[in-house]
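Asks: Dropping in start32.pdb, which is PDB, C-alpha atoms, pLDDT in the B column:
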ATOM      1  CA  MET A 107      70.474  25.132  46.281  1.00 34.00           C
ATOM      2  CA  THR A 108      70.251  28.907  45.923  1.00 44.00           C
ATOM      3  CA  LEU A 109      67.024  30.607  44.913  1.00 51.00           C
ATOM      4  CA  THR A 110      66.955  34.143  43.568  1.00 64.00           C
ATOM      5  CA  PRO A 111      64.434  36.645  44.925  1.00 65.00           C
ATOM      6  CA  ALA A 112      62.421  36.291  41.724  1.00 68.00           C
ATOM      7  CA  ASP A 113      62.243  32.510  42.077  1.00 68.00           C
ATOM      8  CA  ALA A 114      61.159  32.790  45.683  1.00 67.00           C
ATOM      9  CA  LEU A 115      58.177  34.897  44.594  1.00 70.00           C
ATOM     10  CA  VAL A 116      57.057  32.963  41.526  1.00 72.00           C
ATOM     11  CA  LEU A 117      55.586  29.845  43.112  1.00 68.00           C
ATOM     12  CA  PRO A 118      53.660  31.614  45.927  1.00 73.00           C
ATOM     13  CA  ALA A 119      52.355  34.257  43.519  1.00 73.00           C
ATOM     14  CA  MET A 120      51.221  31.736  40.922  1.00 72.00           C
ATOM     15  CA  GLY A 121      49.767  29.496  43.622  1.00 70.00           C
ATOM     16  CA  LEU A 122      47.850  32.377  45.187  1.00 76.00           C
ATOM     17  CA  PHE A 123      46.377  33.390  41.845  1.00 68.00           C
ATOM     18  CA  LEU A 124      45.340  29.863  40.885  1.00 68.00           C
ATOM     19  CA  GLY A 125      44.037  29.055  44.351  1.00 69.00           C
ATOM     20  CA  SER A 126      41.985  32.224  44.658  1.00 71.00           C
ATOM     21  CA  THR A 127      40.343  31.821  41.252  1.00 69.00           C
ATOM     22  CA  GLN A 128      39.332  28.275  42.145  1.00 65.00           C
ATOM     23  CA  LEU A 129      38.270  29.035  45.712  1.00 64.00           C
ATOM     24  CA  PHE A 130      36.210  32.129  44.947  1.00 60.00           C
ATOM     25  CA  HIS A 131      34.885  30.983  41.556  1.00 66.00           C
ATOM     26  CA  PHE A 132      35.983  33.963  39.515  1.00 72.00           C
ATOM     27  CA  ALA A 133      34.575  32.507  36.292  1.00 75.00           C
ATOM     28  CA  PRO A 134      32.458  34.975  34.268  1.00 81.00           C
ATOM     29  CA  ALA A 135      28.714  34.529  34.620  1.00 80.00           C
ATOM     30  CA  HIS A 136      28.299  34.381  30.836  1.00 81.00           C
ATOM     31  CA  CYS A 137      30.508  33.286  27.974  1.00 83.00           C
ATOM     32  CA  HIS A 138      32.432  36.002  26.141  1.00 83.00           C
ATOM     33  CA  TRP A 139      33.325  33.744  23.218  1.00 86.00           C
ATOM     34  CA  CYS A 140      30.132  31.895  22.378  1.00 83.00           C
ATOM     35  CA  ASP A 141      30.727  31.004  18.714  1.00 78.00           C
ATOM     36  CA  GLY A 142      27.775  32.840  17.295  1.00 64.00           C
ATOM     37  CA  SER A 143      24.200  33.800  18.003  1.00 54.00           C
ATOM     38  CA  ASP A 144      23.026  30.279  17.142  1.00 50.00           C
ATOM     39  CA  ASP A 145      24.873  29.039  20.224  1.00 48.00           C
ATOM     40  CA  VAL A 146      21.976  28.705  22.646  1.00 50.00           C
ATOM     41  CA  GLY A 147      23.741  26.069  24.719  1.00 47.00           C
ATOM     42  CA  THR A 148      20.900  23.831  25.825  1.00 44.00           C
ATOM     43  CA  PRO A 149      20.273  20.200  24.829  1.00 43.00           C
ATOM     44  CA  GLY A 150      18.401  19.972  21.566  1.00 45.00           C
ATOM     45  CA  SER A 151      18.802  23.672  20.828  1.00 47.00           C
ATOM     46  CA  ALA A 152      19.614  25.279  17.493  1.00 44.00           C
ATOM     47  CA  GLY A 153      23.226  25.372  18.628  1.00 44.00           C
ATOM     48  CA  ALA A 154      23.578  21.602  18.300  1.00 47.00           C
ATOM     49  CA  GLY A 155      25.490  21.725  15.028  1.00 47.00           C
ATOM     50  CA  ARG A 156      28.230  23.529  13.157  1.00 48.00           C
ATOM     51  CA  GLY A 157      26.367  26.783  12.717  1.00 54.00           C
ATOM     52  CA  SER A 158      28.751  29.743  12.964  1.00 71.00           C
ATOM     53  CA  LEU A 159      31.580  27.711  14.513  1.00 82.00           C
ATOM     54  CA  ASN A 160      34.785  28.074  12.501  1.00 86.00           C
ATOM     55  CA  GLY A 161      35.485  25.287  10.038  1.00 87.00           C
ATOM     56  CA  VAL A 162      38.672  24.025  11.691  1.00 92.00           C
ATOM     57  CA  ASP A 163      37.107  23.512  15.096  1.00 92.00           C
ATOM     58  CA  ALA A 164      33.954  22.057  13.548  1.00 89.00           C
ATOM     59  CA  PHE A 165      35.991  19.567  11.498  1.00 91.00           C
ATOM     60  CA  PHE A 166      38.032  18.271  14.422  1.00 95.00           C
ATOM     61  CA  HIS A 167      34.986  18.164  16.682  1.00 93.00           C
ATOM     62  CA  ASP A 168      33.056  16.040  14.211  1.00 90.00           C
ATOM     63  CA  ALA A 169      36.030  13.808  13.441  1.00 94.00           C
ATOM     64  CA  LEU A 170      37.283  13.177  16.969  1.00 95.00           C
ATOM     65  CA  THR A 171      34.449  13.502  19.493  1.00 92.00           C
ATOM     66  CA  GLY A 172      33.717  10.036  20.814  1.00 86.00           C
ATOM     67  CA  ALA A 173      36.190   8.448  18.392  1.00 90.00           C
ATOM     68  CA  ILE A 174      38.163   5.435  19.695  1.00 91.00           C
ATOM     69  CA  PHE A 175      37.072   6.160  23.277  1.00 92.00           C
ATOM     70  CA  SER A 176      33.810   7.415  24.695  1.00 91.00           C
ATOM     71  CA  ARG A 177      33.806  11.040  25.833  1.00 91.00           C
ATOM     72  CA  ASP A 178      33.941  10.090  29.517  1.00 90.00           C
ATOM     73  CA  THR A 179      36.754   7.575  28.993  1.00 94.00           C
ATOM     74  CA  ALA A 180      38.797  10.027  26.914  1.00 95.00           C
ATOM     75  CA  GLY A 181      38.356  12.644  29.621  1.00 93.00           C
ATOM     76  CA  THR A 182      39.469  10.258  32.343  1.00 94.00           C
ATOM     77  CA  ILE A 183      42.533   9.097  30.409  1.00 96.00           C
ATOM     78  CA  SER A 184      43.586  12.682  29.667  1.00 97.00           C
ATOM     79  CA  THR A 185      43.307  13.609  33.342  1.00 96.00           C
ATOM     80  CA  VAL A 186      45.382  10.618  34.440  1.00 97.00           C
ATOM     81  CA  ILE A 187      48.056  11.556  31.898  1.00 97.00           C
ATOM     82  CA  ALA A 188      48.071  15.287  32.669  1.00 97.00           C
ATOM     83  CA  TYR A 189      47.897  15.155  36.449  1.00 96.00           C
ATOM     84  CA  GLY A 190      49.398  11.770  37.211  1.00 96.00           C
ATOM     85  CA  VAL A 191      51.723  10.191  34.670  1.00 97.00           C
ATOM     86  CA  VAL A 192      53.373  13.298  33.220  1.00 97.00           C
ATOM     87  CA  PRO A 193      54.089  15.138  36.499  1.00 97.00           C
ATOM     88  CA  VAL A 194      55.753  12.056  37.979  1.00 97.00           C
ATOM     89  CA  GLY A 195      57.688  11.379  34.788  1.00 96.00           C
ATOM     90  CA  ALA A 196      58.769  14.989  34.245  1.00 96.00           C
ATOM     91  CA  LEU A 197      59.943  15.513  37.814  1.00 96.00           C
ATOM     92  CA  GLY A 198      61.762  12.181  37.764  1.00 96.00           C
ATOM     93  CA  ALA A 199      63.424  13.008  34.468  1.00 95.00           C
ATOM     94  CA  ALA A 200      64.419  16.464  35.669  1.00 94.00           C
ATOM     95  CA  PHE A 201      65.958  15.027  38.807  1.00 93.00           C
ATOM     96  CA  PHE A 202      67.769  12.043  37.290  1.00 93.00           C
ATOM     97  CA  ALA A 203      68.507  13.008  33.669  1.00 90.00           C
ATOM     98  CA  THR A 204      71.494  15.203  34.442  1.00 89.00           C
ATOM     99  CA  GLY A 205      74.374  15.554  32.028  1.00 85.00           C
ATOM    100  CA  PRO A 206      78.048  16.512  31.958  1.00 85.00           C
ATOM    101  CA  SER A 207      77.166  20.202  32.178  1.00 79.00           C
ATOM    102  CA  GLY A 208      75.279  19.688  35.405  1.00 78.00           C
ATOM    103  CA  SER A 209      76.800  21.160  38.543  1.00 76.00           C
ATOM    104  CA  PRO A 210      76.184  19.777  42.068  1.00 78.00           C
ATOM    105  CA  GLU A 211      72.485  19.491  42.914  1.00 83.00           C
ATOM    106  CA  ALA A 212      71.567  20.139  39.263  1.00 86.00           C
ATOM    107  CA  GLY A 213      68.844  17.501  39.435  1.00 89.00           C
ATOM    108  CA  LEU A 214      67.130  19.157  42.369  1.00 89.00           C
ATOM    109  CA  ARG A 215      67.390  22.567  40.736  1.00 88.00           C
ATOM    110  CA  ALA A 216      65.932  21.186  37.513  1.00 92.00           C
ATOM    111  CA  ALA A 217      62.981  19.706  39.403  1.00 93.00           C
ATOM    112  CA  VAL A 218      62.280  23.106  40.966  1.00 90.00           C
ATOM    113  CA  ILE A 219      62.462  24.720  37.533  1.00 92.00           C
ATOM    114  CA  VAL A 220      59.945  22.207  36.173  1.00 94.00           C
ATOM    115  CA  VAL A 221      57.551  23.030  39.020  1.00 93.00           C
ATOM    116  CA  GLU A 222      58.078  26.735  38.389  1.00 92.00           C
ATOM    117  CA  SER A 223      57.405  26.266  34.677  1.00 94.00           C
ATOM    118  CA  VAL A 224      54.101  24.481  35.184  1.00 94.00           C
ATOM    119  CA  ALA A 225      53.055  27.053  37.807  1.00 92.00           C
ATOM    120  CA  VAL A 226      53.652  29.962  35.422  1.00 93.00           C
ATOM    121  CA  SER A 227      51.943  28.072  32.607  1.00 95.00           C
ATOM    122  CA  GLY A 228      48.989  27.295  34.857  1.00 92.00           C
ATOM    123  CA  ALA A 229      48.562  30.930  35.848  1.00 92.00           C
ATOM    124  CA  ALA A 230      48.765  32.085  32.229  1.00 94.00           C
ATOM    125  CA  THR A 231      46.273  29.431  31.210  1.00 95.00           C
ATOM    126  CA  GLN A 232      43.826  30.429  33.941  1.00 92.00           C
ATOM    127  CA  ALA A 233      44.102  34.101  33.007  1.00 92.00           C
ATOM    128  CA  LEU A 234      43.286  33.268  29.385  1.00 94.00           C
ATOM    129  CA  LYS A 235      40.369  31.074  30.439  1.00 93.00           C
ATOM    130  CA  LEU A 236      38.874  33.868  32.513  1.00 90.00           C
ATOM    131  CA  GLY A 237      39.525  36.502  29.865  1.00 91.00           C
ATOM    132  CA  PHE A 238      38.130  34.656  26.856  1.00 93.00           C
ATOM    133  CA  ALA A 239      35.379  32.763  28.733  1.00 90.00           C
ATOM    134  CA  ARG A 240      34.786  30.471  25.785  1.00 92.00           C
ATOM    135  CA  LYS A 241      31.846  28.128  25.930  1.00 88.00           C
ATOM    136  CA  ARG A 242      32.923  24.504  25.785  1.00 90.00           C
ATOM    137  CA  PRO A 243      31.824  22.254  22.921  1.00 89.00           C
ATOM    138  CA  TYR A 244      29.765  19.910  25.108  1.00 86.00           C
ATOM    139  CA  ILE A 245      27.518  22.880  25.899  1.00 83.00           C
ATOM    140  CA  ARG A 246      27.349  24.222  22.366  1.00 81.00           C
ATOM    141  CA  TYR A 247      26.460  20.798  20.975  1.00 80.00           C
ATOM    142  CA  GLY A 248      23.876  20.161  23.674  1.00 72.00           C
ATOM    143  CA  SER A 249      25.598  17.192  25.328  1.00 69.00           C
ATOM    144  CA  GLY A 250      26.562  18.677  28.697  1.00 58.00           C
ATOM    145  CA  GLY A 251      24.736  16.019  30.660  1.00 51.00           C
ATOM    146  CA  THR A 252      26.862  13.205  29.295  1.00 48.00           C
ATOM    147  CA  ALA A 253      30.117  15.179  29.220  1.00 46.00           C
ATOM    148  CA  GLY A 254      30.159  15.750  32.958  1.00 54.00           C
ATOM    149  CA  TYR A 255      29.042  19.360  33.418  1.00 59.00           C
ATOM    150  CA  GLY A 256      25.916  21.441  33.029  1.00 65.00           C
ATOM    151  CA  ILE A 257      25.439  24.818  31.387  1.00 64.00           C
ATOM    152  CA  ASP A 258      25.350  26.565  34.786  1.00 65.00           C
ATOM    153  CA  ASP A 259      28.701  25.151  35.884  1.00 74.00           C
ATOM    154  CA  ASP A 260      31.685  27.530  35.904  1.00 74.00           C
ATOM    155  CA  GLU A 261      33.697  25.038  33.870  1.00 81.00           C
ATOM    156  CA  SER A 262      31.297  25.367  30.944  1.00 85.00           C
ATOM    157  CA  ARG A 263      32.686  28.843  30.224  1.00 84.00           C
ATOM    158  CA  LEU A 264      36.412  28.097  30.580  1.00 88.00           C
ATOM    159  CA  GLY A 265      37.171  26.395  27.283  1.00 92.00           C
ATOM    160  CA  PHE A 266      40.052  28.483  25.948  1.00 95.00           C
ATOM    161  CA  VAL A 267      42.773  27.435  26.549  1.00 96.00           C
ATOM    162  CA  SER A 268      43.108  23.737  27.432  1.00 97.00           C
ATOM    163  CA  GLY A 269      44.614  23.434  30.909  1.00 95.00           C
ATOM    164  CA  HIS A 270      45.388  19.728  30.545  1.00 97.00           C
ATOM    165  CA  THR A 271      47.329  20.349  27.350  1.00 98.00           C
ATOM    166  CA  SER A 272      49.240  23.351  28.674  1.00 97.00           C
ATOM    167  CA  ALA A 273      50.198  21.461  31.854  1.00 97.00           C
ATOM    168  CA  VAL A 274      51.541  18.465  29.936  1.00 98.00           C
ATOM    169  CA  ALA A 275      53.468  20.694  27.539  1.00 98.00           C
ATOM    170  CA  ALA A 276      54.960  22.804  30.335  1.00 98.00           C
ATOM    171  CA  LEU A 277      56.049  19.751  32.328  1.00 97.00           C
ATOM    172  CA  GLY A 278      57.445  17.849  29.374  1.00 97.00           C
ATOM    173  CA  PHE A 279      59.192  20.695  27.596  1.00 98.00           C
ATOM    174  CA  SER A 280      60.744  22.107  30.757  1.00 96.00           C
ATOM    175  CA  ALA A 281      62.175  18.702  31.709  1.00 96.00           C
ATOM    176  CA  ALA A 282      63.519  18.270  28.179  1.00 96.00           C
ATOM    177  CA  MET A 283      65.044  21.761  28.106  1.00 95.00           C
ATOM    178  CA  CYS A 284      66.734  21.219  31.473  1.00 94.00           C
ATOM    179  CA  ALA A 285      68.253  18.012  30.124  1.00 94.00           C
ATOM    180  CA  GLN A 286      69.287  19.792  26.930  1.00 93.00           C
ATOM    181  CA  LEU A 287      71.049  22.575  28.833  1.00 91.00           C
ATOM    182  CA  GLN A 288      72.973  19.975  30.797  1.00 90.00           C
ATOM    183  CA  LYS A 289      73.859  18.082  27.581  1.00 91.00           C
ATOM    184  CA  SER A 290      72.156  14.973  28.915  1.00 93.00           C
ATOM    185  CA  GLU A 291      71.974  11.956  26.620  1.00 94.00           C
ATOM    186  CA  ALA A 292      68.309  11.658  27.596  1.00 95.00           C
ATOM    187  CA  ALA A 293      67.390  15.010  26.030  1.00 95.00           C
ATOM    188  CA  PRO A 294      66.291  13.684  22.589  1.00 96.00           C
ATOM    189  CA  LEU A 295      64.055  11.089  24.225  1.00 97.00           C
ATOM    190  CA  LEU A 296      62.539  13.691  26.521  1.00 97.00           C
ATOM    191  CA  TRP A 297      61.810  16.089  23.650  1.00 98.00           C
ATOM    192  CA  THR A 298      60.064  13.275  21.773  1.00 98.00           C
ATOM    193  CA  ALA A 299      58.068  12.236  24.826  1.00 98.00           C
ATOM    194  CA  ALA A 300      57.053  15.830  25.565  1.00 98.00           C
ATOM    195  CA  ALA A 301      55.765  16.420  22.034  1.00 98.00           C
ATOM    196  CA  THR A 302      54.015  13.045  21.831  1.00 98.00           C
ATOM    197  CA  LEU A 303      52.251  13.365  25.184  1.00 98.00           C
ATOM    198  CA  THR A 304      51.186  16.938  24.411  1.00 98.00           C
ATOM    199  CA  VAL A 305      49.583  15.855  21.140  1.00 98.00           C
ATOM    200  CA  LEU A 306      48.005  12.814  22.788  1.00 98.00           C
ATOM    201  CA  THR A 307      46.526  14.855  25.628  1.00 98.00           C
ATOM    202  CA  GLY A 308      45.150  17.507  23.293  1.00 98.00           C
ATOM    203  CA  THR A 309      43.583  14.857  21.075  1.00 98.00           C
ATOM    204  CA  LEU A 310      41.937  13.182  24.058  1.00 97.00           C
ATOM    205  CA  ARG A 311      40.502  16.514  25.220  1.00 97.00           C
ATOM    206  CA  VAL A 312      38.848  16.977  21.828  1.00 96.00           C
ATOM    207  CA  MET A 313      37.611  13.366  21.938  1.00 95.00           C
ATOM    208  CA  ALA A 314      36.123  14.099  25.355  1.00 93.00           C
ATOM    209  CA  GLU A 315      34.319  17.139  23.888  1.00 92.00           C
ATOM    210  CA  LYS A 316      35.882  19.299  26.568  1.00 93.00           C
ATOM    211  CA  HIS A 317      37.804  21.470  24.092  1.00 95.00           C
ATOM    212  CA  TYR A 318      37.995  22.535  20.484  1.00 96.00           C
ATOM    213  CA  PHE A 319      41.127  22.095  18.384  1.00 97.00           C
ATOM    214  CA  THR A 320      42.070  25.758  18.785  1.00 97.00           C
ATOM    215  CA  ASP A 321      41.773  25.405  22.576  1.00 98.00           C
ATOM    216  CA  VAL A 322      44.286  22.566  22.723  1.00 98.00           C
ATOM    217  CA  LEU A 323      46.572  24.201  20.145  1.00 98.00           C
ATOM    218  CA  ALA A 324      46.726  27.355  22.247  1.00 98.00           C
ATOM    219  CA  GLY A 325      47.289  25.274  25.372  1.00 98.00           C
ATOM    220  CA  ALA A 326      50.204  23.521  23.702  1.00 98.00           C
ATOM    221  CA  VAL A 327      51.733  26.859  22.682  1.00 98.00           C
ATOM    222  CA  VAL A 328      51.379  28.331  26.195  1.00 97.00           C
ATOM    223  CA  GLY A 329      52.778  25.238  27.890  1.00 97.00           C
ATOM    224  CA  ALA A 330      55.602  24.587  25.455  1.00 98.00           C
ATOM    225  CA  GLY A 331      56.574  28.252  25.413  1.00 97.00           C
ATOM    226  CA  THR A 332      56.682  28.480  29.184  1.00 96.00           C
ATOM    227  CA  GLY A 333      58.395  25.118  29.521  1.00 96.00           C
ATOM    228  CA  THR A 334      61.127  26.252  27.147  1.00 96.00           C
ATOM    229  CA  LEU A 335      61.553  29.819  28.404  1.00 94.00           C
ATOM    230  CA  ILE A 336      61.768  29.253  32.161  1.00 92.00           C
ATOM    231  CA  PRO A 337      64.732  26.819  31.972  1.00 92.00           C
ATOM    232  CA  LEU A 338      66.473  29.131  29.504  1.00 90.00           C
ATOM    233  CA  LEU A 339      66.195  31.974  32.014  1.00 86.00           C
ATOM    234  CA  HIS A 340      68.043  29.769  34.499  1.00 83.00           C
ATOM    235  CA  ARG A 341      70.880  28.687  32.241  1.00 76.00           C
ATOM    236  CA  ARG A 342      74.470  29.444  33.146  1.00 62.00           C
ATOM    237  CA  GLY A 343      75.284  33.142  33.107  1.00 54.00           C
ATOM    238  CA  VAL A 344      71.688  34.390  33.066  1.00 52.00           C
ATOM    239  CA  GLN A 345      70.749  36.537  36.030  1.00 47.00           C
ATOM    240  CA  PHE A 346      67.282  37.394  37.271  1.00 45.00           C
ATOM    241  CA  THR A 347      68.591  40.323  39.281  1.00 42.00           C
ATOM    242  CA  GLY A 348      71.684  42.458  39.388  1.00 41.00           C
ATOM    243  CA  ASN A 349      73.063  40.862  42.542  1.00 42.00           C
ATOM    244  CA  GLY A 350      74.803  38.047  40.687  1.00 40.00           C
ATOM    245  CA  LEU A 351      72.471  35.281  41.864  1.00 41.00           C
ATOM    246  CA  ALA A 352      71.470  32.761  39.238  1.00 45.00           C
ATOM    247  CA  TYR A 353      71.062  29.049  38.737  1.00 47.00           C
ATOM    248  CA  ASN A 354      74.080  27.338  37.312  1.00 50.00           C
ATOM    249  CA  PHE A 355      73.524  23.991  35.709  1.00 54.00           C
TER     250      PHE A 355
END
Would you put the structure from the file into structure tokens?

Replies:
Amino acid sequence: MTLTPADALVLPAMGLFLGSTQLFHFAPAHCHWCDGSDDVGTPGSAGAGRGSLNGVDAFFHDALTGAIFSRDTAGTISTVIAYGVVPVGALGAAFFATGPSGSPEAGLRAAVIVVESVAVSGAATQALKLGFARKRPYIRYGSGGTAGYGIDDDESRLGFVSGHTSAVAALGFSAAMCAQLQKSEAAPLLWTAAATLTVLTGTLRVMAEKHYFTDVLAGAVVGAGTGTLIPLLHRRGVQFTGNGLAYNF
């Protein structure tokens, strides 16, 4: 398998960025997007209600939080899906769901592309989280103690966008696009699975009161966009540099 110079830099660069932000806790000390002056962010405060929160996010919060599953259970299920089930499934699909347009070692190349897609999506997601510094709903509604974090935790100010949702979308859509480019018969199934799991994960994150609807919608857009674009940049005939090196499915 041949990697272009650009490919060889992507994973280390994205990994360094993500690792450093986690290791050194680069989260802003205060929220930048706090959803209004009524958002005090302590249990029992005046912020425990709709207040100045936009109507769309307020509607989905009220309709989904704690619905079907408890907040803790919904959070656990979404994490298992996003960081367990989907990565294994997407990498397996990328490796095995090759089609007639696949050249030798296409499965291995596709798996690398899936990893690259989720790495780029993860870095973009983290940059947006740090830039917007949106207060999470479990803080705004005064339920941080039962949702798993407190108001002083870095995670309480990293609500936009949803990392779980963007990761699932990037993994699923990149695997599906790789299969599509190789004209694999599995492509329609993979597109359906990618969309379904993205919606499911986003819904669970709202149920868990970890994100608002707009957080998971943005996460889906970032992940799906990255998951679609990165494989397309590797399709036959596309070159990252002028030296003629490129993936060929």

Asks: Once the PyMOL selection byres ((chain A and resi 133) around 10) has been applied to the shown file, what residues remain in the selection, as number ranges by chain?

Replies: A: 127-128, 130-132, 134-137, 232, 235-237, 239, 259-264

Asks: Neighbouring residues of Leu303 of chain A were defined as those with any atom within 9 Å, considering only C-alpha atoms; residues of the same chain fewer than 5 positions away were excluded. Please report them as a PyMOL selection string.

Replies: chain A and resi 187-188+192+271+274-275+278+298+308

Asks: Kindly resolve the PyMOL selection byres ((chain A and resi 286) around 12) on the present coordinates and return the residues as a PyMOL selection string.

Replies: chain A and resi 199-200+203-208+216+279-285+287-297+334+337-338+341+355

Asks: Pull the neighbourhood of (51.7, 28.4, 34.1) for me: all residues within 10 Å in file coordinates, counting all atoms listed in the file, as a list in words.

Replies: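 Residues with an atom at most 10 Å from (51.7, 28.4, 34.1): Leu117, Met120, Gly121, Leu124, Val221, Glu222, Ser223, Val224, Ala225, Val226, Ser227, Gly228, Ala229, Ala230, Thr231, Gln232, Ala233, Gly269, Ser272, Ala273, Ala276, Leu277, Val328, Gly329, Gly331, Thr332 and Gly333 of chain A.
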
Asks: When you count all atoms listed in the file, which of these residues is closest to Asp141 of chain A: A:Tyr318, A:Ala119, A:Val312, A:Leu335?

Replies: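 Residue with the minimum atom-to-atom distance to Asp141 of chain A: A:Tyr318.
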
Asks: Of the candidates A:Val194, A:Val186, A:Ala330, A:Met313, which shows the shortest atom-to-atom distance to Ile174 of chain A, using all atoms listed in the file?

Replies: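 Closest to Ile174 of chain A, using all atoms listed in the file: A:Met313.
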
Asks: Mind giving me the straight-line distance from atom CA of Ile183 of chain A to atom CA of Ile336 of chain A in Å, one decimal?

Replies: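 Atom-to-atom, atom CA of Ile183 of chain A to atom CA of Ile336 of chain A, that is 27.9 Å.
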
Asks: Which residue is closest to Leu323 of chain A? Choose from A:Val191, A:Val218, A:Leu122, A:Val162 and count only C-alpha atoms.

Replies: A:Val162

Asks: Specify as a CSV table (one decimal) with C-alpha atoms, in the frame of the given file each residue included when the PyMOL selection byres ((chain A and resi 214) around 9) is applied to this file.

Replies:
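New file expr_35.csv:
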chain,number,residue,atom,x,y,z
A,107,MET,CA,70.5,25.1,46.3
A,200,ALA,CA,64.4,16.5,35.7
A,201,PHE,CA,66.0,15.0,38.8
A,202,PHE,CA,67.8,12.0,37.3
A,211,GLU,CA,72.5,19.5,42.9
A,212,ALA,CA,71.6,20.1,39.3
A,213,GLY,CA,68.8,17.5,39.4
A,215,ARG,CA,67.4,22.6,40.7
A,216,ALA,CA,65.9,21.2,37.5
A,217,ALA,CA,63.0,19.7,39.4
A,218,VAL,CA,62.3,23.1,41.0
A,219,ILE,CA,62.5,24.7,37.5

Asks: My list of candidates is A:Leu197, A:Gly190, A:Arg240, A:Ala301. Which is closest to Cys140 of chain A when distances are computed with only C-alpha atoms?

Replies: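 Selected residue with least distance to Cys140 of chain A: A:Arg240.
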
Asks: Can you tell me how far atom CA of Gly248 of chain A sits from atom CA of Ala164 of chain A, in Å to one decimal?

Replies: 14.4 Å

Asks: Report, in Å to a single decimal, how far apart atom CA of Thr304 of chain A and atom CA of Ala326 of chain A are.

Replies: 6.7 Å

Asks: Determine, counting all atoms listed in the file, which protein, DNA and RNA residues have an atom within 10 Å of an atom of Phe319 of chain A; residues of the same chain fewer than 6 positions away are not included. Present the result as a list in words.

Replies: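 In the requested form, the answer reads Val162, Asp163, Ala164, Phe165, Phe166, His167, Leu170, Phe266, Val267, Ser268, Gly308, Thr309, Arg311, Val312 and Gly325 of chain A.
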
Asks: Go through A:Leu310, A:Thr171, A:Trp139, A:Ser209 and flag the residue nearest Ser158 of chain A, using all atoms listed in the file for the distances.

Replies: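 Among the listed residues, A:Trp139 lies closest to Ser158 of chain A.
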
Asks: Please enclose the listed atoms of segment 324-336 of chain A in an axis-aligned box, pad each side by 6 Å, and write out the centre and the three edge lengths in Å, rounded to one decimal, as lines of an AutoDock Vina configuration file.

Replies:
center_x = 54.2
center_y = 26.7
center_z = 27.2
size_x = 27.0
size_y = 18.3
size_z = 21.9
